[in-house]
file coords-v3.csv (CSV, C-alpha atoms)
chain,number,residue,atom,x,y,z
I,1,MET,CA,-13.2,-4.7,16.6
I,2,GLU,CA,-12.6,-7.2,13.9
I,3,VAL,CA,-15.6,-8.9,12.3
I,4,ASN,CA,-15.8,-12.4,10.8
I,5,ARG,CA,-19.5,-12.6,10.5
I,6,SER,CA,-22.4,-10.6,9.2
I,7,LEU,CA,-23.8,-7.9,11.5
I,8,PHE,CA,-27.5,-7.2,11.5
I,9,PHE,CA,-29.1,-3.8,12.4
I,10,GLU,CA,-29.4,-4.9,16.1
I,11,ASP,CA,-25.6,-5.6,16.2
I,12,PHE,CA,-24.5,-2.1,15.3
I,13,TYR,CA,-24.1,0.7,17.9
I,14,ILE,CA,-23.0,4.3,17.6
I,15,GLY,CA,-19.3,4.6,18.4
I,16,GLN,CA,-18.6,1.1,17.1
I,17,VAL,CA,-15.3,0.8,15.2
I,18,ILE,CA,-14.7,-2.1,12.8
I,19,GLN,CA,-11.1,-2.4,11.6
I,20,THR,CA,-10.2,-4.1,8.4
I,21,GLY,CA,-7.2,-6.1,7.2
I,22,ARG,CA,-4.4,-4.5,5.2
I,23,GLN,CA,-3.7,-4.3,1.5
I,24,THR,CA,-0.6,-3.0,-0.3
I,25,LEU,CA,-1.2,-1.3,-3.6
I,26,SER,CA,1.3,-2.1,-6.4
I,27,GLU,CA,2.5,0.2,-9.2
I,28,THR,CA,0.9,-2.3,-11.7
I,29,GLU,CA,-2.5,-2.0,-9.9
I,30,ILE,CA,-2.3,1.8,-10.0
I,31,ILE,CA,-1.4,1.9,-13.7
I,32,GLU,CA,-4.1,-0.7,-14.7
I,33,PHE,CA,-6.8,1.1,-12.8
I,34,GLY,CA,-5.6,4.4,-14.2
I,35,LEU,CA,-5.6,3.2,-17.8
I,36,LYS,CA,-9.1,1.8,-17.5
I,37,TYR,CA,-10.8,4.5,-15.3
I,38,ALA,CA,-8.6,7.6,-14.8
I,39,PRO,CA,-6.3,7.9,-17.8
I,40,VAL,CA,-4.2,10.9,-16.8
I,41,PRO,CA,-0.4,10.7,-16.6
I,42,TYR,CA,0.0,10.8,-12.8
I,43,HIS,CA,-2.1,7.6,-12.7
I,44,THR,CA,-0.7,5.8,-15.7
I,45,ASP,CA,2.9,6.9,-16.5
I,46,PRO,CA,5.6,6.7,-13.8
I,47,VAL,CA,8.0,8.8,-15.9
I,48,ALA,CA,5.5,11.6,-16.8
I,49,ALA,CA,4.1,11.5,-13.2
I,50,LYS,CA,7.5,12.8,-11.9
I,51,ASP,CA,6.7,16.1,-13.5
I,52,SER,CA,3.2,16.3,-11.9
I,53,SER,CA,2.2,18.1,-8.7
I,54,PHE,CA,2.4,14.7,-7.0
I,55,GLY,CA,6.1,14.2,-8.0
I,56,GLY,CA,5.3,10.6,-9.0
I,57,LEU,CA,2.7,7.9,-9.7
I,58,VAL,CA,-0.4,8.0,-7.5
I,59,ALA,CA,-3.5,6.0,-7.2
I,60,ALA,CA,-6.8,7.5,-8.5
I,61,GLY,CA,-9.0,8.7,-5.7
I,62,TYR,CA,-11.8,6.4,-6.8
I,63,GLN,CA,-9.3,3.5,-6.7
I,64,THR,CA,-8.7,4.3,-3.0
I,65,ALA,CA,-12.5,4.5,-2.4
I,66,ALA,CA,-13.0,1.1,-4.1
I,67,LEU,CA,-10.1,-0.4,-2.1
I,68,THR,CA,-11.7,1.0,1.0
I,69,PHE,CA,-15.0,-0.6,0.5
I,70,GLY,CA,-13.4,-3.8,-0.7
I,71,LEU,CA,-11.4,-4.0,2.6
I,72,PHE,CA,-14.6,-3.4,4.6
I,73,ALA,CA,-16.6,-5.9,2.6
I,74,LYS,CA,-13.9,-8.5,3.4
I,75,THR,CA,-14.7,-8.2,7.1
I,76,GLY,CA,-18.1,-9.9,6.3
I,77,ALA,CA,-20.0,-7.3,8.3
I,78,LEU,CA,-22.6,-6.8,5.6
I,79,ALA,CA,-22.4,-10.2,3.9
I,80,GLU,CA,-25.8,-11.4,4.9
I,81,SER,CA,-27.4,-8.2,6.1
I,82,GLY,CA,-26.4,-5.6,3.4
I,83,MET,CA,-29.2,-4.2,1.3
I,84,GLY,CA,-27.3,-1.7,-0.7
I,85,SER,CA,-26.6,2.0,-0.2
I,86,PRO,CA,-28.2,5.2,-1.6
I,87,GLY,CA,-24.8,6.7,-2.0
I,88,VAL,CA,-21.9,8.6,-0.4
I,89,ASP,CA,-22.5,11.6,1.7
I,90,LYS,CA,-19.0,12.9,1.9
I,91,LEU,CA,-15.7,11.9,0.4
I,92,ARG,CA,-12.4,13.6,1.0
I,93,TRP,CA,-8.9,12.6,-0.3
I,94,LYS,CA,-6.4,13.7,2.3
I,95,ARG,CA,-3.1,12.4,1.0
I,96,PRO,CA,-1.9,10.8,-2.2
I,97,VAL,CA,-1.7,7.0,-2.2
I,98,LYS,CA,1.5,5.7,-3.9
I,99,ALA,CA,2.8,2.4,-5.0
I,100,GLY,CA,3.9,0.3,-2.1
I,101,ASP,CA,1.5,2.0,0.4
I,102,THR,CA,-0.3,-0.4,2.7
I,103,LEU,CA,-3.8,0.7,3.5
I,104,TYR,CA,-6.3,-0.3,6.2
I,105,VAL,CA,-9.7,1.1,7.2
I,106,GLN,CA,-11.4,2.0,10.4
I,107,ALA,CA,-15.2,2.0,9.8
I,108,ASN,CA,-16.9,4.1,12.4
I,109,VAL,CA,-20.6,3.7,13.0
I,110,ILE,CA,-21.9,7.3,13.5
I,111,GLU,CA,-25.7,7.0,13.1
I,112,LEU,CA,-28.5,4.4,13.3
I,113,SER,CA,-31.8,5.0,11.6
I,114,PRO,CA,-34.5,2.4,12.3
I,115,SER,CA,-37.1,2.1,9.6
I,116,GLN,CA,-40.4,3.9,10.2
I,117,LYS,CA,-42.4,0.9,9.0
I,118,GLU,CA,-42.4,-2.9,9.4
I,119,GLY,CA,-40.2,-4.5,6.8
I,120,GLY,CA,-38.6,-1.2,5.8
I,121,ARG,CA,-34.9,-0.4,5.4
I,122,ASP,CA,-32.9,0.2,8.6
I,123,GLY,CA,-30.0,2.5,8.0
I,124,VAL,CA,-26.4,2.5,9.4
I,125,ARG,CA,-24.3,5.5,8.6
I,126,ILE,CA,-20.6,4.7,8.6
I,127,ARG,CA,-17.6,7.0,8.3
I,128,TYR,CA,-14.6,5.2,6.8
I,129,ASP,CA,-11.2,6.4,7.6
I,130,THR,CA,-8.5,4.9,5.4
I,131,PHE,CA,-5.0,4.9,6.7
I,132,ASN,CA,-1.6,4.2,5.2
I,133,GLN,CA,1.3,2.3,6.8
I,134,ASN,CA,2.4,5.5,8.5
I,135,GLU,CA,-0.9,5.8,10.3
I,136,GLU,CA,-1.8,8.9,8.2
I,137,ILE,CA,-5.4,9.3,7.0
I,138,VAL,CA,-5.4,9.2,3.2
I,139,MET,CA,-9.2,9.3,2.7
I,140,THR,CA,-12.4,9.8,4.6
I,141,LEU,CA,-15.8,8.7,3.2
I,142,THR,CA,-19.2,8.7,4.9
I,143,SER,CA,-22.0,6.5,3.5
I,144,LEU,CA,-25.4,5.3,4.5
I,145,HIS,CA,-26.0,1.5,4.3
I,146,PHE,CA,-29.3,-0.3,4.4
I,147,VAL,CA,-29.1,-3.4,6.5
I,148,ARG,CA,-31.5,-6.2,7.5
I,149,ARG,CA,-32.7,-6.9,11.0
I,150,GLN,CA,-31.9,-10.4,12.3
I,151,ALA,CA,-34.8,-12.8,11.5
I,152,SER,CA,-36.9,-13.7,14.5
I,153,LYS,CA,-36.9,-17.2,15.7
I,154,GLN,CA,-40.4,-17.6,14.2
I,155,ASP,CA,-39.0,-16.8,10.7
I,156,ARG,CA,-36.3,-19.4,10.8
call {"tool": "encode", "arguments": {"input": "coords-v3.csv", "output": "C-alpha cells"}}
result
Amino acid sequence: MEVNRSLFFEDFYIGQVIQTGRQTLSETEIIEFGLKYAPVPYHTDPVAAKDSSFGGLVAAGYQTAALTFGLFAKTGALAESGMGSPGVDKLRWKRPVKAGDTLYVQANVIELSPSQKEGGRDGVRIRYDTFNQNEEIVMTLTSLHFVRRQASKQDR
C-alpha cells in the first residue's frame, strides 16, 4: 500500500503494509555522514575501508536507520497525525549498505494500542523492514508511534 495522505489512528490496522519510495545512497553521502556522526575508516575512507571486515566503504547503521524513517516520513502517513515516539524497541542491522545501494522500506503495522483515557495518546507499533535493490533485508527496526485520532465532525 502506498500512502499519499496522513493516516489517523482509525486508518491503521494490524497486518497493514506501507511501502515507501526508493533512494540510492552515494559514496559522498556515506562519507559525509560518517565524518560527522561515525568517524571510523569504513564509513569515511574508501581506501582504508578495503582493509576492514566489510572489504569496502559502508554506511553507518544509524544512517540506514535515518534513511529508513526519512523514506517512511515521505509517504505522508504521519504528516498530520504523528505525535512523536517514545523510542525504538528493536533495531538490527542485517547486511552492510554500500555506495550505490538503492533502499526502500516496508512498514508493517504489528500492534494498535488505543489510549486508556479521552484525549490520550493512541499507539501504533510498526516494524520497518529496509530492503536493498536485491530484495535483501538490510535492517529491521520496530518502533512505537503516537498518533492522533481523526477529529470528529463536531470539532471541525
call {"tool": "atom_distance", "arguments": {"input": "coords-v3.csv", "atom1": "CA of Thr20 (chain I)", "atom2": "CA of Gly100 (chain I)"}}
result
18.1 Å
call {"tool": "closest_residue", "arguments": {"input": "coords-v3.csv", "among": "I:Thr28, I:Thr130, I:Thr44, I:Ser53", "to": "Arg92 (chain I)", "atoms": "only C-alpha atoms"}}
result
I:Thr130
call {"tool": "closest_atom_pairs", "arguments": {"input": "coords-v3.csv", "of": "region 97-136 of chain I", "to": "region 68-72 of chain I", "cutoff": "8 Å", "atoms": "only C-alpha atoms", "output": "Markdown table"}}
result
| residue | atom | partner | partner_atom | distance |
| --- | --- | --- | --- | --- |
| I:Tyr104 | CA | I:Leu71 | CA | 7.3 |
| I:Val105 | CA | I:Thr68 | CA | 6.5 |
| I:Ala107 | CA | I:Phe72 | CA | 7.5 |
| I:Tyr128 | CA | I:Thr68 | CA | 7.7 |
| I:Thr130 | CA | I:Thr68 | CA | 6.7 |
call {"tool": "closest_residue", "arguments": {"input": "coords-v3.csv", "among": "I:Val138, I:Arg149, I:Asp101, I:Arg22", "to": "Ser115 (chain I)", "atoms": "all atoms listed in the file"}}
result
I:Arg149
call {"tool": "atom_distance", "arguments": {"input": "coords-v3.csv", "atom1": "CA of Leu112 (chain I)", "atom2": "CA of Leu7 (chain I)"}}
result
13.3 Å
call {"tool": "atom_distance", "arguments": {"input": "coords-v3.csv", "atom1": "CA of Thr24 (chain I)", "atom2": "CA of Phe131 (chain I)"}}
result
11.4 Å
call {"tool": "closest_residue", "arguments": {"input": "coords-v3.csv", "among": "I:Met83, I:Leu78, I:Glu118, I:Ala66", "to": "Leu141 (chain I)", "atoms": "only C-alpha atoms"}}
result
I:Ala66
call {"tool": "residues_around", "arguments": {"input": "coords-v3.csv", "residues": "Leu91 (chain I)", "least_positions_apart": "2", "cutoff": "9 Å", "atoms": "all atoms listed in the file", "output": "list in words"}}
result
Ala65, Val88, Asp89, Trp93, Met139, Thr140, Leu141, Thr142 and Ser143 of chain I
call {"tool": "residues_around", "arguments": {"input": "coords-v3.csv", "residues": "region 25-27 of chain I", "least_positions_apart": "6", "cutoff": "8 Å", "atoms": "only C-alpha atoms", "output": "PyMOL selection string"}}
result
chain I and resi 57+98-103
call {"tool": "residues_around", "arguments": {"input": "coords-v3.csv", "residues": "Arg5 (chain I)", "least_positions_apart": "5", "cutoff": "9 Å", "atoms": "only C-alpha atoms", "output": "VMD selection string"}}
result
chain I and resid 75 to 80
call {"tool": "closest_residue", "arguments": {"input": "coords-v3.csv", "among": "I:Gly55, I:Asn132, I:Leu144, I:Arg127", "to": "Ser113 (chain I)", "atoms": "all atoms listed in the file"}}
result
I:Leu144
call {"tool": "residues_near_point", "arguments": {"input": "coords-v3.csv", "point": "(-28.8, -10.5, 11.8)", "cutoff": "8 Å", "atoms": "only C-alpha atoms", "output": "VMD selection string"}}
result
chain I and resid 6 to 11 80 to 81 148 to 151
call {"tool": "write_last_selection", "arguments": {"input": "coords-v3.csv", "atoms": "C-alpha atoms", "output": "JSON list (two decimals), keeping the file's coordinate frame"}}
result
[["chain", "number", "residue", "atom", "x", "y", "z"],
["I", 6, "SER", "CA", -22.40, -10.60, 9.20],
["I", 7, "LEU", "CA", -23.80, -7.90, 11.50],
["I", 8, "PHE", "CA", -27.50, -7.20, 11.50],
["I", 9, "PHE", "CA", -29.10, -3.80, 12.40],
["I", 10, "GLU", "CA", -29.40, -4.90, 16.10],
["I", 11, "ASP", "CA", -25.60, -5.60, 16.20],
["I", 80, "GLU", "CA", -25.80, -11.40, 4.90],
["I", 81, "SER", "CA", -27.40, -8.20, 6.10],
["I", 148, "ARG", "CA", -31.50, -6.20, 7.50],
["I", 149, "ARG", "CA", -32.70, -6.90, 11.00],
["I", 150, "GLN", "CA", -31.90, -10.40, 12.30],
["I", 151, "ALA", "CA", -34.80, -12.80, 11.50]]
call {"tool": "closest_residue", "arguments": {"input": "coords-v3.csv", "among": "I:His43, I:Lys117, I:Arg125, I:Lys74", "to": "Lys90 (chain I)", "atoms": "only C-alpha atoms"}}
result
I:Arg125
call {"tool": "residues_near_point", "arguments": {"input": "coords-v3.csv", "point": "(-5.7, 9.9, -6.7)", "cutoff": "8 Å", "atoms": "only C-alpha atoms", "output": "PyMOL selection string"}}
result
chain I and resi 43+58-64+93+96-97
call {"tool": "closest_residue", "arguments": {"input": "coords-v3.csv", "among": "I:Gly21, I:Pro46, I:Gly15, I:Pro86", "to": "Gln133 (chain I)", "atoms": "all atoms listed in the file"}}
result
I:Gly21
call {"tool": "build_atoms", "arguments": {"input": "coords-v3.csv", "residues": "region 135-151 of chain I", "atoms": "N, CA and C atoms", "output": "short mmCIF file (atom, residue, chain, number, x, y, z; two decimals), keeping the file's coordinate frame"}}
result
data_model
loop_
_atom_site.label_atom_id
_atom_site.label_comp_id
_atom_site.auth_asym_id
_atom_site.auth_seq_id
_atom_site.Cartn_x
_atom_site.Cartn_y
_atom_site.Cartn_z
N GLU I 135 0.19 5.44 9.50
CA GLU I 135 -0.90 5.80 10.30
C GLU I 135 -1.48 7.22 9.96
N GLU I 136 -1.28 7.62 8.69
CA GLU I 136 -1.80 8.90 8.20
C GLU I 136 -3.13 8.59 7.47
N ILE I 137 -4.12 9.43 7.71
CA ILE I 137 -5.40 9.30 7.00
C ILE I 137 -5.19 9.73 5.55
N VAL I 138 -5.51 8.85 4.62
CA VAL I 138 -5.40 9.20 3.20
C VAL I 138 -6.75 9.53 2.59
N MET I 139 -7.84 9.05 3.21
CA MET I 139 -9.20 9.30 2.70
C MET I 139 -10.20 9.14 3.77
N THR I 140 -11.25 9.95 3.71
CA THR I 140 -12.40 9.80 4.60
C THR I 140 -13.64 9.69 3.65
N LEU I 141 -14.57 8.85 4.03
CA LEU I 141 -15.80 8.70 3.20
C LEU I 141 -16.91 8.37 4.21
N THR I 142 -18.04 9.02 4.04
CA THR I 142 -19.20 8.70 4.90
C THR I 142 -20.32 8.25 3.96
N SER I 143 -20.96 7.15 4.37
CA SER I 143 -22.00 6.50 3.50
C SER I 143 -23.07 5.91 4.40
N LEU I 144 -24.29 5.91 3.87
CA LEU I 144 -25.40 5.30 4.50
C LEU I 144 -25.57 3.88 3.90
N HIS I 145 -25.73 2.87 4.74
CA HIS I 145 -26.00 1.50 4.30
C HIS I 145 -27.30 1.03 4.80
N PHE I 146 -28.06 0.37 3.95
CA PHE I 146 -29.30 -0.30 4.40
C PHE I 146 -28.95 -1.68 4.82
N VAL I 147 -29.42 -2.08 6.00
CA VAL I 147 -29.10 -3.40 6.50
C VAL I 147 -30.40 -4.07 7.06
N ARG I 148 -30.39 -5.38 6.99
CA ARG I 148 -31.50 -6.20 7.50
C ARG I 148 -31.44 -6.30 9.01
N ARG I 149 -32.60 -6.53 9.59
CA ARG I 149 -32.70 -6.90 11.00
C ARG I 149 -32.50 -8.45 11.01
N GLN I 150 -32.09 -8.95 12.14
CA GLN I 150 -31.90 -10.40 12.30
C GLN I 150 -33.34 -11.01 12.26
N ALA I 151 -33.48 -12.11 11.56
CA ALA I 151 -34.80 -12.80 11.50
C ALA I 151 -35.16 -13.28 12.87
#
